[in-house]
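J.: Take a look at target-v3.txt, compact mmCIF, C-alpha atoms:
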# COMPACT_ATOMS: atom_id res chain seq x y z
CA MET D 1 117.69 120.94 125.79
CA GLY D 2 116.79 119.23 122.49
CA SER D 3 113.51 119.53 120.67
CA SER D 4 110.99 116.80 121.46
CA LEU D 5 110.71 116.24 117.70
CA ARG D 6 114.37 115.31 117.19
CA GLN D 7 114.79 111.55 116.94
CA VAL D 8 118.46 111.88 117.88
CA ASP D 9 117.23 112.88 121.36
CA LYS D 10 114.92 109.86 121.60
CA VAL D 11 116.88 106.93 120.18
CA LYS D 12 120.40 105.55 120.43
CA ILE D 13 121.74 104.89 116.93
CA VAL D 14 124.14 101.95 116.73
CA PRO D 15 125.93 100.98 113.49
CA ALA D 16 125.97 97.18 113.74
CA LEU D 17 127.53 96.31 110.37
CA HIS D 18 129.02 98.88 108.04
CA ALA D 19 128.33 98.49 104.34
CA SER D 20 130.02 95.29 103.18
CA VAL D 21 129.40 92.08 101.28
CA PRO D 22 128.85 89.62 104.14
CA SER D 23 131.54 86.97 104.33
CA SER D 24 132.04 85.68 107.88
CA SER D 25 130.60 89.01 109.04
CA THR D 26 129.25 89.32 112.56
CA PRO D 27 127.13 92.39 113.26
CA LYS D 28 127.56 93.79 116.79
CA TYR D 29 125.60 92.63 119.80
CA VAL D 30 123.79 95.28 121.84
CA SER D 31 122.37 95.03 125.34
CA LEU D 32 118.64 95.65 125.64
CA LYS D 33 118.85 95.63 129.43
CA ASN D 34 118.39 99.41 129.41
CA TYR D 35 116.07 99.66 126.40
CA GLY D 36 112.56 98.39 125.74
CA HIS D 37 112.71 98.24 121.96
CA VAL D 38 115.06 97.98 119.00
CA THR D 39 114.28 98.86 115.39
CA VAL D 40 116.65 97.18 112.97
CA VAL D 41 117.30 98.73 109.56
CA VAL D 42 118.92 96.43 107.00
CA SER D 43 119.77 98.18 103.75
CA PHE D 44 121.18 96.50 100.65
CA LYS D 45 122.74 97.36 97.30
CA ASN D 46 123.03 94.71 94.62
CA ALA D 47 125.58 94.47 91.84
CA THR D 48 125.11 91.67 89.29
CA THR D 49 124.95 87.88 89.71
CA VAL D 50 123.68 88.30 93.27
CA THR D 51 123.40 85.66 95.97
CA GLY D 52 121.52 87.30 98.84
CA SER D 53 122.53 87.23 102.49
CA ALA D 54 120.04 85.35 104.68
CA ILE D 55 119.10 87.46 107.71
CA THR D 56 118.31 85.90 111.10
CA LEU D 57 118.21 87.19 114.68
CA LYS D 58 120.26 86.02 117.67
CA GLN D 59 120.06 86.56 121.42
CA ALA D 60 122.70 86.04 124.09
CA THR D 61 123.33 86.57 127.79
CA THR D 62 126.25 88.99 127.23
CA VAL D 63 127.35 91.43 124.52
CA ALA D 64 130.25 89.02 123.91
CA GLY D 65 127.67 86.50 122.64
CA ALA D 66 127.62 84.01 125.55
CA GLY D 67 124.97 81.30 125.16
CA GLU D 68 123.93 82.56 121.74
CA LYS D 69 120.68 81.15 120.36
CA ALA D 70 118.07 82.04 117.77
CA LEU D 71 115.47 84.74 118.38
CA ALA D 72 112.16 84.04 116.69
CA PHE D 73 110.47 86.67 114.52
CA ASP D 74 107.71 86.45 111.97
CA THR D 75 107.45 89.87 110.33
CA VAL D 76 109.69 92.23 108.39
CA TYR D 77 108.78 95.52 106.74
CA ALA D 78 110.16 95.47 103.21
CA CYS D 79 111.06 97.98 100.53
CA ALA D 80 112.73 95.79 97.91
CA ASP D 81 113.29 98.62 95.42
CA ASP D 82 113.81 102.06 96.93
CA ALA D 83 114.45 103.60 93.50
CA THR D 84 110.71 103.46 92.78
CA SER D 85 109.19 103.83 96.27
CA VAL D 86 110.18 104.07 99.92
CA ALA D 87 106.94 102.51 101.13
CA LEU D 88 107.42 99.63 103.57
CA THR D 89 105.20 96.57 103.18
CA GLU D 90 104.57 94.24 106.12
CA THR D 91 105.83 90.84 105.00
CA ALA D 92 105.64 87.46 106.71
CA VAL D 93 108.92 85.75 107.54
CA ALA D 94 109.23 81.97 107.15
CA SER D 95 111.33 79.93 109.59
CA ASN D 96 112.71 83.05 111.35
CA THR D 97 114.74 84.16 108.33
CA PHE D 98 114.51 86.22 105.17
CA THR D 99 116.83 87.04 102.31
CA PRO D 100 116.92 90.54 100.83
CA ASP D 101 115.85 90.82 97.21
CA ALA D 102 118.55 89.46 94.90
CA THR D 103 117.54 91.29 91.72
CA ASN D 104 120.58 92.69 89.92
CA SER D 105 121.25 96.43 90.38
CA LYS D 106 118.50 96.97 93.00
CA THR D 107 118.70 98.84 96.30
CA GLY D 108 116.28 98.64 99.18
CA LEU D 109 115.76 98.22 102.88
CA TYR D 110 114.08 96.05 105.47
CA VAL D 111 112.95 97.01 108.96
CA ILE D 112 112.52 94.60 111.88
CA GLU D 113 110.81 95.69 115.11
CA ILE D 114 111.79 93.80 118.30
CA GLU D 115 110.45 94.31 121.81
CA ALA D 116 113.09 93.55 124.47
CA SER D 117 110.49 91.43 126.27
CA LYS D 118 110.53 88.96 123.33
CA LEU D 119 114.01 87.81 124.35
CA ASP D 120 114.33 84.89 126.77
CA VAL D 121 114.61 87.32 129.70
CA ALA D 122 113.74 84.58 132.24
CA GLY D 123 116.75 82.62 130.93
CA GLY D 124 119.06 85.64 131.32
CA PHE D 125 119.02 86.70 127.64
CA ASP D 126 119.05 90.47 127.20
CA CYS D 127 121.51 90.96 124.33
CA PHE D 128 120.60 91.01 120.67
CA ARG D 129 122.12 91.04 117.19
CA VAL D 130 121.31 90.44 113.55
CA ALA D 131 123.11 87.54 111.88
CA THR D 132 124.08 87.78 108.20
CA ALA D 133 124.94 84.82 105.99
CA ASN D 134 127.59 85.07 103.30
CA ALA D 135 126.53 86.81 100.10
CA THR D 136 127.82 87.43 96.60
CA ALA D 137 127.54 90.87 94.99
CA GLN D 138 125.13 92.12 97.68
CA THR D 139 126.32 94.88 100.01
CA ILE D 140 124.51 94.89 103.36
CA GLU D 141 124.44 97.52 106.10
CA VAL D 142 122.77 97.01 109.50
CA THR D 143 121.81 99.80 111.93
CA TYR D 144 120.04 99.45 115.29
CA LEU D 145 117.78 102.17 116.70
CA LEU D 146 117.41 101.57 120.44
CA SER D 147 114.40 103.21 122.05
CA GLY D 148 112.27 103.11 125.16
CA PRO D 149 115.15 103.85 127.54
CA ARG D 150 114.75 102.46 131.04
CA PHE D 151 116.18 103.91 134.24
CA GLY D 152 116.45 107.46 132.84
CA GLY D 153 118.08 106.56 129.51
CA GLY D 154 121.49 107.43 128.14
CA HIS D 155 122.97 104.04 129.02
CA SER D 156 125.56 102.18 127.03
CA ALA D 157 124.30 99.73 124.42
CA PHE D 158 127.48 97.68 124.73
CA ALA D 159 127.76 97.22 128.51
CA ASP D 160 126.22 94.23 130.26
CA PRO D 161 125.82 95.88 133.68
CA LEU D 162 123.63 98.93 134.27
CA VAL D 163 126.22 101.62 133.66
CA ASP D 164 126.43 104.85 131.68
Spit out the file's structure as structure tokens when you get a sec.
T.:
Amino acid sequence: MGSSLRQVDKVKIVPALHASVPSSSTPKYVSLKNYGHVTVVVSFKNATTVTGSAITLKQATTVAGAGEKALAFDTVYACADDATSVALTETAVASNTFTPDATNSKTGLYVIEIEASKLDVAGGFDCFRVATANATAQTIEVTYLLSGPRFGGGHSAFADPLVD
């Protein structure tokens, strides 16, 4: 049995988009049917002459993306330069989108916290993903940390029905 301090025993880690410069990229959908919360970690590495990738959130009725529509959010936790500090600053989001810092040669990360109950559950929406717009000279990586397992935990993040 794992230690109660080990996060690997408490969260399901899902790589949604491996490090790449977004160009028609589509990070994975995950089902939140079996989880109460998702923490999204968006990390970036800039080269020079950067055009940042706008980040938005989407919800759907299946992990295949059926009925996709926007998911509103108003806060992101930002660390726009992790070479000098790893402190996260709560930052307001305008119009349900933000763009990672586009300063040349910077690296950093952003964290978004989403409760599964914020999805349009009454409308049948229980699947979630981050959407990335095309970028130039900005490498983006997206990881989901699913937590608050329901029904005993250990369920698949990619299955629509309640299965292991």
J.: Counting all atoms listed in the file, note down every residue that has an atom within 10 Å of the point (126.2, 86.0, 129.5) (file coordinates), as a list in words.
T.: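 Result, sorted by chain then residue number: Ala60, Thr61, Thr62, Val63, Ala64, Gly65, Ala66, Gly67, Glu68, Gly124, Phe125, Asp126, Cys127 and Asp160 of chain D.
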J.: Closest to D:Ala16 among D:Leu146, D:Val130, D:Ile112, D:Val50, using all atoms listed in the file?
T.: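 Of the candidates, the smallest distance to D:Ala16 is held by D:Val130.
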J.: In Å to one decimal, how far is atom CA of D:Val93 from atom CA of D:Thr132?
T.: 15.3 Å
J.: With all atoms listed in the file as the atoms that count, which of D:Thr51, D:Ser31, D:Thr84, D:Ser95 lies nearest to D:Thr139?
T.: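 Between D:Thr51, D:Ser31, D:Thr84, D:Ser95, the residue approaching D:Thr139 most closely is D:Thr51.
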J.: Quick one: pull the distance between atom CA of D:Thr107 and atom CA of D:Leu32, Å, one decimal.
T.: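 Computing the Euclidean distance for atom CA of D:Thr107 and atom CA of D:Leu32 yields 29.5 Å.
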J.: Residues proximal to (120.0, 84.5, 108.9) were defined as those with any atom within 7 Å of that point in the file's coordinates, counting all atoms listed in the file. Which are they, as a PDB file with C-alpha atoms, keeping the file's coordinate frame?
T.:
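And here is the file that came out, result-v4.pdb:
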ATOM      1  CA  ALA D  54     120.040  85.350 104.680  1.00  0.00           C
ATOM      2  CA  ILE D  55     119.100  87.460 107.710  1.00  0.00           C
ATOM      3  CA  THR D  56     118.310  85.900 111.100  1.00  0.00           C
ATOM      4  CA  LEU D  57     118.210  87.190 114.680  1.00  0.00           C
ATOM      5  CA  THR D  97     114.740  84.160 108.330  1.00  0.00           C
ATOM      6  CA  PHE D  98     114.510  86.220 105.170  1.00  0.00           C
ATOM      7  CA  ALA D 131     123.110  87.540 111.880  1.00  0.00           C
ATOM      8  CA  THR D 132     124.080  87.780 108.200  1.00  0.00           C
ATOM      9  CA  ALA D 133     124.940  84.820 105.990  1.00  0.00           C
TER      10      ALA D 133
END
J.: Rounded to one decimal place, report the atom CA of D:Val121-atom CA of D:Phe73 distance in Å.
T.: 15.7 Å
J.: Of the candidates D:Asn96, D:Gln138, D:Phe44, D:Ala72, which shows the shortest atom-to-atom distance to D:Gly108, using all atoms listed in the file?
T.: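 Of D:Asn96, D:Gln138, D:Phe44, D:Ala72, the one nearest D:Gly108 is D:Phe44, counting all atoms listed in the file.
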J.: Of the candidates D:Ser117, D:Ala78, D:Asn134, D:Ile140, which shows the shortest atom-to-atom distance to D:Ala92, using only C-alpha atoms?
T.: D:Ala78
J.: Need to verify the contact set: D:Asn46, 6 Å, all atoms listed in the file, exclusion of same-chain residues closer than 2 positions in sequence. Can you return it as a PDB file with C-alpha atoms, keeping the file's coordinate frame?
T.:
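Result file result.pdb:
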ATOM      1  CA  ASN D 104     120.580  92.690  89.920  1.00  0.00           C
ATOM      2  CA  SER D 105     121.250  96.430  90.380  1.00  0.00           C
ATOM      3  CA  LYS D 106     118.500  96.970  93.000  1.00  0.00           C
ATOM      4  CA  ALA D 137     127.540  90.870  94.990  1.00  0.00           C
ATOM      5  CA  GLN D 138     125.130  92.120  97.680  1.00  0.00           C
TER       6      GLN D 138
END
J.: I need the residue nearest D:Tyr29 from this list: D:Lys118, D:Lys12, D:Lys58, D:Arg150. Use all atoms listed in the file for the distance.
T.: D:Lys58
